[in-house]
$ cat start_16.tsv   # TSV, C-alpha atoms and all ligand atoms
chain	number	residue	atom	x	y	z
U	604	MET	CA	21.90	-105.23	-34.74
U	605	LYS	CA	21.96	-108.45	-32.73
U	606	ILE	CA	20.18	-108.49	-29.39
U	607	LYS	CA	20.59	-111.28	-26.85
U	608	LEU	CA	18.38	-110.68	-23.82
U	609	ALA	CA	19.36	-111.73	-20.30
U	610	GLN	CA	17.70	-114.91	-18.99
U	611	THR	CA	17.35	-113.48	-15.50
U	612	ARG	CA	17.02	-109.89	-14.36
U	613	LYS	CA	18.84	-108.33	-11.46
U	614	GLN	CA	17.00	-106.94	-8.50
U	615	LYS	CA	16.78	-103.14	-8.85
U	616	PRO	CA	18.57	-101.07	-6.21
U	617	ASP	CA	16.76	-98.57	-3.98
U	618	PHE	CA	16.23	-95.67	-6.42
U	619	ASN	CA	16.21	-93.21	-3.50
U	620	ASN	CA	19.73	-94.09	-2.52
U	621	LEU	CA	21.70	-94.67	-5.73
U	622	GLY	CA	24.93	-92.77	-5.21
U	623	PHE	CA	27.02	-92.58	-8.37
U	624	GLY	CA	28.12	-95.46	-10.61
U	625	LYS	CA	27.49	-98.32	-8.18
U	626	TYR	CA	24.74	-100.29	-9.92
U	627	PHE	CA	24.63	-101.53	-13.50
U	628	THR	CA	21.71	-102.63	-15.66
U	629	ASP	CA	20.96	-106.07	-17.14
U	630	HIS	CA	22.48	-105.49	-20.59
U	631	MET	CA	25.41	-103.85	-22.27
U	632	LEU	CA	26.47	-102.96	-25.78
U	633	VAL	CA	29.61	-104.46	-27.31
U	634	MET	CA	31.31	-103.96	-30.66
U	635	TYR	CA	34.65	-105.40	-31.73
U	636	TYR	CA	37.28	-103.98	-34.06
U	637	SER	CA	39.59	-106.30	-35.96
U	638	ASN	CA	41.04	-106.68	-39.49
U	639	GLY	CA	40.74	-102.92	-39.96
U	640	LYS	CA	37.02	-102.61	-39.34
U	641	TRP	CA	34.30	-102.50	-36.73
U	642	GLY	CA	31.87	-105.38	-36.43
U	643	GLU	CA	28.17	-104.90	-35.78
U	644	PRO	CA	27.13	-103.56	-32.35
U	645	GLU	CA	25.45	-106.21	-30.20
U	646	ILE	CA	23.32	-105.92	-27.09
U	647	VAL	CA	24.19	-108.75	-24.70
U	648	PRO	CA	23.59	-109.55	-21.02
U	649	TYR	CA	25.84	-107.48	-18.74
U	650	GLU	CA	28.85	-109.65	-18.11
U	651	GLU	CA	32.56	-109.68	-17.37
U	652	LEU	CA	35.00	-108.97	-20.17
U	653	LYS	CA	37.54	-111.74	-20.64
U	654	LEU	CA	41.00	-110.29	-21.19
U	655	ASP	CA	44.29	-112.12	-21.50
U	656	PRO	CA	46.71	-110.73	-18.87
U	657	CYS	CA	48.99	-109.55	-21.71
U	658	THR	CA	46.25	-107.44	-23.37
U	659	ASN	CA	47.78	-104.04	-24.00
U	660	ILE	CA	44.99	-101.96	-22.42
U	661	LEU	CA	46.05	-103.49	-19.08
U	662	HIS	CA	49.63	-102.30	-19.51
U	663	TYR	CA	49.66	-99.03	-21.43
U	664	GLY	CA	46.17	-97.60	-20.97
U	665	GLN	CA	45.22	-97.06	-24.60
U	666	GLY	CA	41.62	-96.45	-23.65
U	667	ILE	CA	39.01	-93.68	-23.79
U	668	PHE	CA	35.49	-93.16	-22.49
U	669	GLU	CA	32.50	-90.84	-22.41
U	670	GLY	CA	29.75	-89.91	-19.97
U	671	VAL	CA	26.19	-89.11	-21.05
U	672	LYS	CA	22.84	-89.21	-19.26
U	673	ALA	CA	19.30	-90.31	-20.11
U	674	TYR	CA	16.26	-89.01	-18.25
U	675	LYS	CA	12.70	-90.27	-17.84
U	676	ASN	CA	9.83	-87.96	-16.98
U	677	ASP	CA	6.60	-88.72	-15.13
U	678	GLU	CA	4.80	-89.66	-18.36
U	679	GLY	CA	7.49	-92.22	-19.16
U	680	LYS	CA	9.08	-90.18	-21.95
U	681	ILE	CA	12.83	-90.80	-22.26
U	682	ASN	CA	15.34	-88.16	-23.34
U	683	THR	CA	19.07	-87.99	-23.67
U	684	PHE	CA	21.16	-84.86	-23.99
U	685	ARG	CA	23.62	-83.99	-26.80
U	686	LEU	CA	24.67	-87.65	-27.23
U	687	ASN	CA	25.89	-86.84	-30.75
U	688	ASP	CA	28.33	-84.28	-29.30
U	689	ASN	CA	29.72	-86.87	-26.89
U	690	LEU	CA	30.23	-89.39	-29.70
U	691	ASP	CA	31.98	-86.77	-31.85
U	692	ARG	CA	34.25	-85.97	-28.90
U	693	MET	CA	34.96	-89.67	-28.41
U	694	ASN	CA	36.17	-89.90	-32.00
U	695	ARG	CA	38.45	-86.91	-31.35
U	696	SER	CA	39.86	-88.68	-28.26
U	697	ALA	CA	40.28	-91.81	-30.40
U	698	ALA	CA	42.31	-89.90	-33.00
U	699	ARG	CA	44.71	-88.56	-30.34
U	700	LEU	CA	45.15	-92.05	-28.84
U	701	CYS	CA	45.73	-93.71	-32.25
U	702	MET	CA	42.45	-95.60	-31.96
U	703	PRO	CA	40.07	-96.22	-34.87
U	704	GLN	CA	37.17	-93.90	-35.70
U	705	PHE	CA	33.71	-95.39	-35.38
U	706	ASP	CA	30.47	-94.56	-37.16
U	707	THR	CA	28.73	-92.21	-34.71
U	708	LYS	CA	25.30	-92.82	-36.30
U	709	VAL	CA	25.56	-96.60	-35.78
U	710	VAL	CA	26.65	-96.21	-32.16
U	711	PHE	CA	24.06	-93.49	-31.51
U	712	ASP	CA	21.23	-95.77	-32.67
U	713	ALA	CA	22.62	-98.74	-30.75
U	714	ILE	CA	22.84	-96.72	-27.51
U	715	CYS	CA	19.24	-95.49	-27.94
U	716	GLU	CA	18.15	-99.12	-28.42
U	717	LEU	CA	20.03	-100.21	-25.29
U	718	VAL	CA	18.47	-97.40	-23.22
U	719	LYS	CA	15.00	-98.40	-24.45
U	720	ILE	CA	15.58	-102.02	-23.41
U	721	GLU	CA	16.67	-100.83	-19.95
U	722	GLU	CA	13.94	-98.24	-19.50
U	723	ASP	CA	12.80	-99.72	-16.16
U	724	TRP	CA	16.25	-98.86	-14.82
U	725	ILE	CA	15.84	-95.12	-15.42
U	726	PRO	CA	15.01	-93.39	-12.15
U	727	THR	CA	12.64	-90.40	-12.27
U	728	ALA	CA	13.22	-88.51	-9.00
U	729	LYS	CA	14.79	-85.04	-9.16
U	730	GLY	CA	18.55	-85.23	-9.55
U	731	THR	CA	18.54	-88.86	-10.74
U	732	SER	CA	19.17	-90.25	-14.24
U	733	LEU	CA	20.61	-93.17	-16.16
U	734	TYR	CA	24.33	-92.61	-16.69
U	735	ILE	CA	25.64	-93.95	-20.01
U	736	ARG	CA	29.32	-94.91	-20.18
U	737	PRO	CA	30.69	-95.63	-23.68
U	738	THR	CA	34.24	-96.99	-23.47
U	739	MET	CA	36.85	-98.11	-26.01
U	740	ILE	CA	39.91	-100.19	-25.11
U	741	ALA	CA	42.89	-101.66	-26.95
U	742	ASN	CA	42.61	-105.43	-27.23
U	743	ASP	CA	45.87	-106.80	-28.69
U	744	LYS	CA	47.56	-109.71	-26.99
U	745	ALA	CA	51.10	-108.34	-27.10
U	746	LEU	CA	53.39	-106.24	-24.96
U	747	GLY	CA	54.88	-103.87	-27.55
U	748	VAL	CA	54.10	-100.17	-27.13
U	749	HIS	CA	52.33	-99.24	-30.35
U	750	ALA	CA	48.82	-98.66	-31.63
U	751	ALA	CA	46.73	-101.81	-31.20
U	752	LYS	CA	45.06	-103.51	-34.15
U	753	ASN	CA	42.12	-104.83	-32.13
U	754	TYR	CA	39.69	-102.90	-29.96
U	755	ILE	CA	36.59	-103.42	-27.86
U	756	PHE	CA	33.92	-100.74	-27.75
U	757	PHE	CA	31.36	-101.23	-24.99
U	758	VAL	CA	28.60	-99.26	-23.32
U	759	ILE	CA	27.36	-99.86	-19.77
U	760	LEU	CA	24.47	-98.10	-18.02
U	761	SER	CA	24.14	-97.08	-14.38
U	762	PRO	CA	21.17	-95.52	-12.59
U	763	VAL	CA	22.63	-92.62	-10.60
U	764	GLY	CA	21.76	-89.99	-8.04
U	765	ASN	CA	23.91	-86.99	-7.22
U	766	TYR	CA	27.61	-87.20	-8.06
U	767	TYR	CA	28.53	-85.64	-4.74
U	768	ALA	CA	26.98	-87.19	-1.64
U	769	HIS	CA	26.17	-83.67	-0.42
U	770	GLY	CA	24.14	-82.79	-3.55
U	771	LEU	CA	23.89	-79.07	-4.28
U	772	THR	CA	25.61	-77.83	-1.15
U	773	PRO	CA	28.86	-76.14	-2.20
U	774	THR	CA	32.04	-78.20	-2.51
U	775	LYS	CA	35.45	-77.39	-1.04
U	776	ILE	CA	38.20	-77.42	-3.62
U	777	MET	CA	41.95	-77.30	-3.20
U	778	ILE	CA	43.98	-75.59	-5.89
U	779	GLU	CA	46.81	-78.01	-6.65
U	780	GLU	CA	50.22	-76.36	-6.39
U	781	LYS	CA	52.55	-79.32	-6.88
U	782	TYR	CA	51.13	-81.92	-9.27
U	783	ALA	CA	49.82	-81.25	-12.80
U	784	ARG	CA	47.14	-82.95	-14.85
U	785	SER	CA	48.17	-81.90	-18.33
U	786	CYS	CA	50.58	-79.76	-20.27
U	787	ILE	CA	50.98	-78.35	-23.78
U	788	GLY	CA	51.11	-81.21	-26.27
U	789	GLY	CA	49.68	-83.71	-23.78
U	790	THR	CA	46.29	-85.40	-23.66
U	791	GLY	CA	44.45	-82.87	-21.47
U	792	GLU	CA	41.62	-82.40	-23.96
U	793	CYS	CA	40.93	-86.13	-24.33
U	794	LYS	CA	38.72	-88.26	-22.14
U	795	CYS	CA	41.46	-90.87	-21.94
U	796	MET	CA	42.06	-93.19	-19.03
U	797	GLY	CA	45.62	-92.16	-18.19
U	798	ASN	CA	44.55	-88.61	-17.33
U	799	TYR	CA	42.50	-89.91	-14.43
U	800	ALA	CA	45.14	-92.32	-13.15
U	801	ALA	CA	47.60	-89.41	-13.03
U	802	SER	CA	45.15	-87.27	-11.06
U	803	ILE	CA	44.39	-89.69	-8.21
U	804	LEU	CA	47.32	-88.84	-5.93
U	805	ALA	CA	46.48	-85.13	-5.73
U	806	GLY	CA	42.82	-86.00	-5.18
U	807	GLU	CA	43.64	-88.33	-2.29
U	808	ILE	CA	45.84	-85.72	-0.61
U	809	ALA	CA	43.08	-83.13	-1.00
U	810	ASN	CA	40.54	-85.54	0.54
U	811	GLN	CA	42.81	-86.15	3.52
U	812	LYS	CA	42.98	-82.41	4.06
U	813	GLY	CA	39.19	-82.15	3.99
U	814	TYR	CA	38.64	-80.98	0.39
U	815	ASP	CA	36.39	-82.70	-2.14
U	816	GLN	CA	38.53	-82.27	-5.26
U	817	VAL	CA	41.45	-80.37	-6.73
U	818	LEU	CA	41.44	-77.52	-9.22
U	819	TRP	CA	44.35	-77.95	-11.60
U	820	LEU	CA	46.71	-75.25	-12.75
U	821	ASP	CA	48.43	-75.56	-16.12
U	822	GLY	CA	51.33	-77.97	-16.09
U	823	ASN	CA	53.69	-75.62	-17.90
U	824	TYR	CA	53.76	-72.58	-15.62
U	825	MET	CA	51.48	-73.57	-12.68
U	826	LYS	CA	49.92	-70.19	-13.27
U	827	TYR	CA	46.70	-70.50	-15.26
U	828	VAL	CA	43.56	-72.08	-13.89
U	829	GLU	CA	42.41	-75.09	-15.92
U	830	GLU	CA	39.67	-77.38	-14.60
U	831	VAL	CA	38.67	-79.81	-11.89
U	832	GLY	CA	39.39	-83.10	-13.66
U	833	SER	CA	35.79	-84.27	-13.81
U	834	MET	CA	34.33	-80.80	-14.26
U	835	ASN	CA	35.12	-77.58	-16.07
U	836	ILE	CA	35.27	-74.50	-13.88
U	837	PHE	CA	33.47	-71.14	-14.02
U	838	PHE	CA	33.97	-67.96	-12.02
U	839	VAL	CA	31.84	-64.87	-11.69
U	840	LEU	CA	34.17	-61.91	-11.16
U	841	ASN	CA	32.55	-58.53	-10.68
U	842	GLY	CA	29.40	-59.71	-12.45
U	843	VAL	CA	31.21	-61.18	-15.48
U	844	VAL	CA	31.21	-64.94	-16.07
U	845	VAL	CA	34.69	-66.21	-16.95
U	846	THR	CA	35.90	-69.72	-17.76
U	847	PRO	CA	39.24	-71.04	-19.01
U	848	MET	CA	39.48	-71.10	-22.81
U	849	LEU	CA	39.89	-74.35	-24.72
U	850	ASP	CA	43.65	-74.43	-25.25
U	851	GLY	CA	44.24	-78.16	-25.67
U	852	ASN	CA	44.87	-78.71	-21.96
U	853	ILE	CA	41.29	-78.89	-20.78
U	854	LEU	CA	38.33	-80.99	-21.75
U	855	ASP	CA	35.81	-79.44	-24.13
U	856	GLY	CA	32.91	-80.22	-21.77
U	857	ILE	CA	29.41	-80.53	-23.17
U	858	THR	CA	28.02	-79.05	-19.94
U	859	ARG	CA	30.58	-76.24	-20.25
U	860	ARG	CA	29.34	-75.46	-23.77
U	861	SER	CA	25.71	-75.68	-22.63
U	862	THR	CA	26.36	-73.39	-19.65
U	863	ILE	CA	28.04	-70.76	-21.83
U	864	ALA	CA	25.11	-70.90	-24.26
U	865	VAL	CA	22.32	-70.59	-21.64
U	866	LEU	CA	24.11	-67.81	-19.77
U	867	LYS	CA	24.78	-65.81	-22.96
U	868	ASP	CA	21.18	-66.38	-23.98
U	869	ALA	CA	20.04	-64.91	-20.65
U	870	GLY	CA	22.14	-61.81	-21.33
U	871	TYR	CA	25.13	-62.53	-19.09
U	872	LYS	CA	28.56	-61.52	-20.28
U	873	VAL	CA	30.68	-64.69	-20.66
U	874	GLU	CA	34.41	-64.67	-21.39
U	875	GLU	CA	36.49	-67.69	-22.42
U	876	ARG	CA	40.11	-66.82	-21.82
U	877	HIS	CA	43.22	-67.59	-19.80
U	878	ILE	CA	42.68	-66.90	-16.11
U	879	GLU	CA	45.72	-66.45	-13.91
U	880	ILE	CA	45.43	-67.74	-10.37
U	881	LYS	CA	46.59	-64.29	-9.27
U	882	GLU	CA	43.48	-62.77	-10.83
U	883	LEU	CA	41.29	-64.93	-8.58
U	884	VAL	CA	43.27	-64.09	-5.45
U	885	ASP	CA	43.07	-60.37	-6.30
U	886	ALA	CA	39.33	-60.61	-6.94
U	887	TYR	CA	38.90	-62.37	-3.60
U	888	ASN	CA	40.88	-59.68	-1.80
U	889	ASN	CA	38.93	-56.90	-3.57
U	890	GLY	CA	35.57	-58.45	-2.78
U	891	THR	CA	34.72	-58.98	-6.46
U	892	PHE	CA	34.85	-62.80	-6.46
U	893	ASP	CA	31.09	-63.35	-6.72
U	894	GLU	CA	30.69	-67.04	-7.56
U	895	CYS	CA	32.48	-70.23	-8.50
U	896	PHE	CA	30.95	-73.43	-9.90
U	897	GLY	CA	31.95	-76.55	-11.79
U	898	THR	CA	30.14	-78.07	-14.79
U	899	GLY	CA	30.07	-81.68	-15.93
U	900	THR	CA	27.60	-84.37	-16.98
U	901	ALA	CA	27.99	-86.27	-13.71
U	902	ALA	CA	27.60	-83.28	-11.36
U	903	VAL	CA	25.69	-80.95	-13.80
U	904	ILE	CA	26.39	-77.65	-12.00
U	905	SER	CA	28.25	-77.92	-8.75
U	906	PRO	CA	28.68	-74.77	-6.65
U	907	VAL	CA	32.10	-74.25	-5.06
U	908	GLY	CA	32.01	-72.69	-1.58
U	909	VAL	CA	35.69	-72.82	-0.68
U	910	LEU	CA	38.79	-72.54	-2.86
U	911	HIS	CA	42.05	-73.21	-1.07
U	912	TYR	CA	45.23	-71.64	-2.42
U	913	ASN	CA	48.60	-70.85	-0.89
U	914	GLY	CA	47.47	-71.57	2.67
U	915	VAL	CA	44.23	-69.56	2.46
U	916	ASP	CA	40.65	-70.81	2.32
U	917	MET	CA	38.86	-68.36	0.04
U	918	VAL	CA	35.17	-68.57	1.03
U	919	ILE	CA	32.99	-67.67	-1.94
U	920	ASN	CA	29.50	-66.18	-1.76
U	921	ASP	CA	29.22	-67.05	1.94
U	922	ASN	CA	29.59	-70.73	1.02
U	923	LYS	CA	26.21	-70.68	-0.75
U	924	MET	CA	25.16	-71.50	-4.30
U	925	GLY	CA	25.21	-68.25	-6.28
U	926	LYS	CA	22.43	-66.80	-8.43
U	927	ILE	CA	24.14	-67.46	-11.76
U	928	ALA	CA	25.05	-71.05	-10.86
U	929	GLU	CA	21.48	-71.64	-9.77
U	930	TYR	CA	20.12	-70.15	-12.99
U	931	ALA	CA	22.40	-72.39	-15.06
U	932	TYR	CA	21.49	-75.46	-12.99
U	933	ASN	CA	17.74	-74.87	-13.22
U	934	THR	CA	17.87	-74.08	-16.93
U	935	ILE	CA	20.06	-77.00	-17.99
U	936	THR	CA	18.36	-79.61	-15.82
U	937	GLY	CA	14.99	-78.15	-16.90
U	938	ILE	CA	15.91	-78.63	-20.56
U	939	GLN	CA	17.35	-82.11	-19.91
U	940	THR	CA	14.22	-83.34	-18.18
U	941	GLY	CA	11.85	-81.66	-20.64
U	942	LYS	CA	10.43	-79.16	-18.13
U	943	ILE	CA	11.87	-76.18	-20.01
U	944	GLU	CA	11.50	-75.79	-23.77
U	945	ASP	CA	14.69	-76.77	-25.61
U	946	LYS	CA	15.29	-73.97	-28.06
U	947	PHE	CA	18.89	-75.09	-28.59
U	948	GLY	CA	18.09	-78.48	-30.11
U	949	TRP	CA	20.04	-80.43	-27.48
U	950	VAL	CA	17.44	-82.89	-26.31
U	951	ILE	CA	17.23	-86.23	-28.10
U	952	LYS	CA	13.95	-88.08	-27.69
U	953	ILE	CA	14.57	-91.80	-27.21
U	954	LYS	CA	10.97	-92.74	-26.42
H	1	LIG	C1	34.01	-85.44	-18.53
H	1	LIG	C2	34.90	-84.34	-18.08
H	1	LIG	C3	34.45	-83.03	-17.91
H	1	LIG	C4	33.00	-82.65	-18.11
H	1	LIG	O1	32.61	-82.78	-19.43
H	1	LIG	P1	31.07	-82.95	-19.81
H	1	LIG	O2	31.05	-83.18	-21.27
H	1	LIG	O3	30.40	-81.67	-19.42
H	1	LIG	O4	30.56	-84.09	-19.01
H	1	LIG	C5	35.37	-82.06	-17.59
H	1	LIG	N1	36.67	-82.35	-17.42
H	1	LIG	C6	37.14	-83.60	-17.57
H	1	LIG	C7	38.58	-83.85	-17.42
H	1	LIG	C8	36.26	-84.63	-17.89
H	1	LIG	O5	36.72	-85.87	-18.01
$ encode --input "start_16.tsv" --output "structure tokens"
Amino acid sequence: MKIKLAQTRKQKPDFNNLGFGKYFTDHMLVMYYSNGKWGEPEIVPYEELKLDPCTNILHYGQGIFEGVKAYKNDEGKINTFRLNDNLDRMNRSAARLCMPQFDTKVVFDAICELVKIEEDWIPTAKGTSLYIRPTMIANDKALGVHAAKNYIFFVILSPVGNYYAHGLTPTKIMIEEKYARSCIGGTGECKCMGNYAASILAGEIANQKGYDQVLWLDGNYMKYVEEVGSMNIFFVLNGVVVTPMLDGNILDGITRRSTIAVLKDAGYKVEERHIEIKELVDAYNNGTFDECFGTGTAAVISPVGVLHYNGVDMVINDNKMGKIAEYAYNTITGIQTGKIEDKFGWVIKIK
């Protein structure tokens, strides 16, 4: 692998006030696809990509990405979490978007090397980490709508704090009743760029009304609960943990999988199935809607205090983080940072 180090280094931001995805490190990883094969990954100084205005990613959005985190503990040991699962998922997104498969082992090693080079950029305070963003874009200079023959794979790194400015205080979520994020046969289960572009309008309207995000219903019937668009969603109804099943419309979240595993391991009953919005409203009215929380790499576990549907603000667990959400948060972040023994084999030691 070629490595070209930056001549000058950026000034580091204030690690106590990072926000999410605002600062980027000194280097990035790039790998080009042409003539039917991937070139070697290279680590180069962080720099602008030069794209011809006719490049097809700019017009038709044939692009995918991933989100992973690396953590550094007080002794300087660096871990990442289930990176191999993210890279496998990226190849699945690539297949759906007619993009080429890449060698996950080559990219895995290259990302670990990049993280090692940028180790001074990894914050150590509670709730902080180095966010890793692998991305793949079409790179043909032509306006026809078809699978590109050239691609750019790149990885950028960003030291981050909490995804939500308000940290672990519960979020307010609006259940979206008009717009849809995905439907049967669509790209709901891919981390592809177009999904996010299509979700912005509903998110903006929700923000204007005082909500943090929207919870999507299925695009076919507007009846089944799906996910939050950057997080998968979990409910605790009468003591049972339930989460929408993987049906092709929602993302197969790594944090979702991890949450199911740690909760089952602790003896909780967890069901993956279709959940009708009516079931949630009934549970709320019966007093059996115990908890609601989202799961995702960026936010880890994010408690939901208010769910708005059909003109009603359903206030959940007195607008406080619930016991099960807290258990999942403490266990998963404990494993990620090396404070809790990883009996699942999820932690990848980088240094
Ligand atoms: C990334 C993402 C999630 C969370 O997945 P993780 O693998 O847990 O980070 C959930 N839903 C959507 C649509 C996403 O893009």
$ residues_near_ligand --input "start_16.tsv" --ligand "ligand LIG 1 (chain H)" --cutoff "7 Å" --atoms "all atoms listed in the file" --output "list in words"
Glu669, Gly670, Val671, Asn689, Lys794, Glu830, Val831, Gly832, Ser833, Met834, Asn835, Ile853, Leu854, Asp855, Gly856, Ile857, Thr858, Arg859, Thr898, Gly899, Thr900 and Ala901 of chain U
$ atom_distance --input "start_16.tsv" --atom1 "atom CA of U:Lys625" --atom2 "atom CA of U:Ala713"
23.1 Å
$ atom_distance --input "start_16.tsv" --atom1 "atom CA of U:Val709" --atom2 "atom CA of U:Val647"
16.5 Å
$ atom_distance --input "start_16.tsv" --atom1 "atom CA of U:Arg695" --atom2 "atom CA of U:Phe756"
15.0 Å
$ residues_around --input "start_16.tsv" --residues "U:Arg876" --least-positions-apart "3" --cutoff "12 Å" --atoms "all atoms listed in the file" --output "PDB file with C-alpha atoms, in the coordinates of the input"
ATOM      1  CA  TYR U 827      46.700 -70.500 -15.260  1.00  0.00           C
ATOM      2  CA  VAL U 828      43.560 -72.080 -13.890  1.00  0.00           C
ATOM      3  CA  GLU U 829      42.410 -75.090 -15.920  1.00  0.00           C
ATOM      4  CA  PHE U 837      33.470 -71.140 -14.020  1.00  0.00           C
ATOM      5  CA  PHE U 838      33.970 -67.960 -12.020  1.00  0.00           C
ATOM      6  CA  VAL U 844      31.210 -64.940 -16.070  1.00  0.00           C
ATOM      7  CA  VAL U 845      34.690 -66.210 -16.950  1.00  0.00           C
ATOM      8  CA  THR U 846      35.900 -69.720 -17.760  1.00  0.00           C
ATOM      9  CA  PRO U 847      39.240 -71.040 -19.010  1.00  0.00           C
ATOM     10  CA  MET U 848      39.480 -71.100 -22.810  1.00  0.00           C
ATOM     11  CA  LEU U 849      39.890 -74.350 -24.720  1.00  0.00           C
ATOM     12  CA  ASP U 850      43.650 -74.430 -25.250  1.00  0.00           C
ATOM     13  CA  VAL U 873      30.680 -64.690 -20.660  1.00  0.00           C
ATOM     14  CA  GLU U 879      45.720 -66.450 -13.910  1.00  0.00           C
TER      15      GLU U 879
END
$ residues_around --input "start_16.tsv" --residues "U:Arg784" --least-positions-apart "2" --cutoff "10 Å" --atoms "all atoms listed in the file" --output "number ranges by chain"
U: 779, 782, 786, 789-791, 797-803, 805, 818-822, 829-832, 852-853
$ closest_residue --input "start_16.tsv" --among "U:Leu883, U:Leu690, U:Ile667, U:Ile725" --to "U:Met702" --atoms "only C-alpha atoms"
U:Ile667
$ closest_residue --input "start_16.tsv" --among "U:Glu894, U:Asp885, U:Asp815, U:Glu645" --to "U:Ile714" --atoms "all atoms listed in the file"
U:Glu645
$ closest_residue --input "start_16.tsv" --among "U:Leu804, U:Lys672, U:Lys872, U:Ile787" --to "U:Arg736" --atoms "all atoms listed in the file"
U:Lys672
$ closest_residue --input "start_16.tsv" --among "U:Val748, U:Ile935, U:Val909, U:Ala864" --to "U:Val817" --atoms "only C-alpha atoms"
U:Val909
$ closest_residue --input "start_16.tsv" --among "U:Val865, U:Leu771, U:Phe618, U:Gly941" --to "U:Lys680" --atoms "all atoms listed in the file"
U:Gly941
$ closest_residue --input "start_16.tsv" --among "U:Leu654, U:Met693, U:Ile808, U:Leu608" --to "U:Glu780" --atoms "only C-alpha atoms"
U:Ile808
$ residues_around --input "start_16.tsv" --residues "U:His911" --least-positions-apart "2" --cutoff "12 Å" --atoms "only C-alpha atoms" --output "PyMOL selection string"
chain U and resi 774-780+809+812-819+880+883-884+887+907-909+913-919
$ write_last_selection --input "start_16.tsv" --atoms "C-alpha atoms" --output "PDB file, in the coordinates of the input"
ATOM      1  CA  THR U 774      32.040 -78.200  -2.510  1.00  0.00           C
ATOM      2  CA  LYS U 775      35.450 -77.390  -1.040  1.00  0.00           C
ATOM      3  CA  ILE U 776      38.200 -77.420  -3.620  1.00  0.00           C
ATOM      4  CA  MET U 777      41.950 -77.300  -3.200  1.00  0.00           C
ATOM      5  CA  ILE U 778      43.980 -75.590  -5.890  1.00  0.00           C
ATOM      6  CA  GLU U 779      46.810 -78.010  -6.650  1.00  0.00           C
ATOM      7  CA  GLU U 780      50.220 -76.360  -6.390  1.00  0.00           C
ATOM      8  CA  ALA U 809      43.080 -83.130  -1.000  1.00  0.00           C
ATOM      9  CA  LYS U 812      42.980 -82.410   4.060  1.00  0.00           C
ATOM     10  CA  GLY U 813      39.190 -82.150   3.990  1.00  0.00           C
ATOM     11  CA  TYR U 814      38.640 -80.980   0.390  1.00  0.00           C
ATOM     12  CA  ASP U 815      36.390 -82.700  -2.140  1.00  0.00           C
ATOM     13  CA  GLN U 816      38.530 -82.270  -5.260  1.00  0.00           C
ATOM     14  CA  VAL U 817      41.450 -80.370  -6.730  1.00  0.00           C
ATOM     15  CA  LEU U 818      41.440 -77.520  -9.220  1.00  0.00           C
ATOM     16  CA  TRP U 819      44.350 -77.950 -11.600  1.00  0.00           C
ATOM     17  CA  ILE U 880      45.430 -67.740 -10.370  1.00  0.00           C
ATOM     18  CA  LEU U 883      41.290 -64.930  -8.580  1.00  0.00           C
ATOM     19  CA  VAL U 884      43.270 -64.090  -5.450  1.00  0.00           C
ATOM     20  CA  TYR U 887      38.900 -62.370  -3.600  1.00  0.00           C
ATOM     21  CA  VAL U 907      32.100 -74.250  -5.060  1.00  0.00           C
ATOM     22  CA  GLY U 908      32.010 -72.690  -1.580  1.00  0.00           C
ATOM     23  CA  VAL U 909      35.690 -72.820  -0.680  1.00  0.00           C
ATOM     24  CA  ASN U 913      48.600 -70.850  -0.890  1.00  0.00           C
ATOM     25  CA  GLY U 914      47.470 -71.570   2.670  1.00  0.00           C
ATOM     26  CA  VAL U 915      44.230 -69.560   2.460  1.00  0.00           C
ATOM     27  CA  ASP U 916      40.650 -70.810   2.320  1.00  0.00           C
ATOM     28  CA  MET U 917      38.860 -68.360   0.040  1.00  0.00           C
ATOM     29  CA  VAL U 918      35.170 -68.570   1.030  1.00  0.00           C
ATOM     30  CA  ILE U 919      32.990 -67.670  -1.940  1.00  0.00           C
TER      31      ILE U 919
END
$ residues_near_point --input "start_16.tsv" --point "(44.4, -88.1, -28.5)" --cutoff "8 Å" --atoms "all atoms listed in the file" --output "list of chain:residue names"
U:Arg695, U:Ser696, U:Ala697, U:Ala698, U:Arg699, U:Leu700, U:Cys701, U:Thr790, U:Glu792, U:Cys793, U:Cys795
$ build_atoms --input "start_16.tsv" --residues "stretch 922-926 of chain U" --atoms "N, CA, C and O atoms" --output "compact mmCIF listing (two decimals), keeping the file's coordinate frame"
# COMPACT_ATOMS: atom_id res chain seq x y z
N ASN U 922 29.72 -69.27 1.10
CA ASN U 922 29.59 -70.73 1.02
C ASN U 922 28.17 -71.15 0.61
O ASN U 922 27.68 -72.19 1.02
N LYS U 923 27.55 -70.34 -0.25
CA LYS U 923 26.21 -70.68 -0.75
C LYS U 923 26.24 -70.73 -2.27
O LYS U 923 27.08 -70.11 -2.91
N MET U 924 25.28 -71.47 -2.84
CA MET U 924 25.16 -71.50 -4.30
C MET U 924 24.78 -70.10 -4.78
O MET U 924 23.87 -69.48 -4.23
N GLY U 925 25.48 -69.60 -5.79
CA GLY U 925 25.21 -68.25 -6.28
C GLY U 925 24.04 -68.20 -7.26
O GLY U 925 23.59 -69.24 -7.75
N LYS U 926 23.60 -67.00 -7.55
CA LYS U 926 22.43 -66.80 -8.43
C LYS U 926 22.67 -67.33 -9.84
O LYS U 926 21.81 -67.94 -10.45
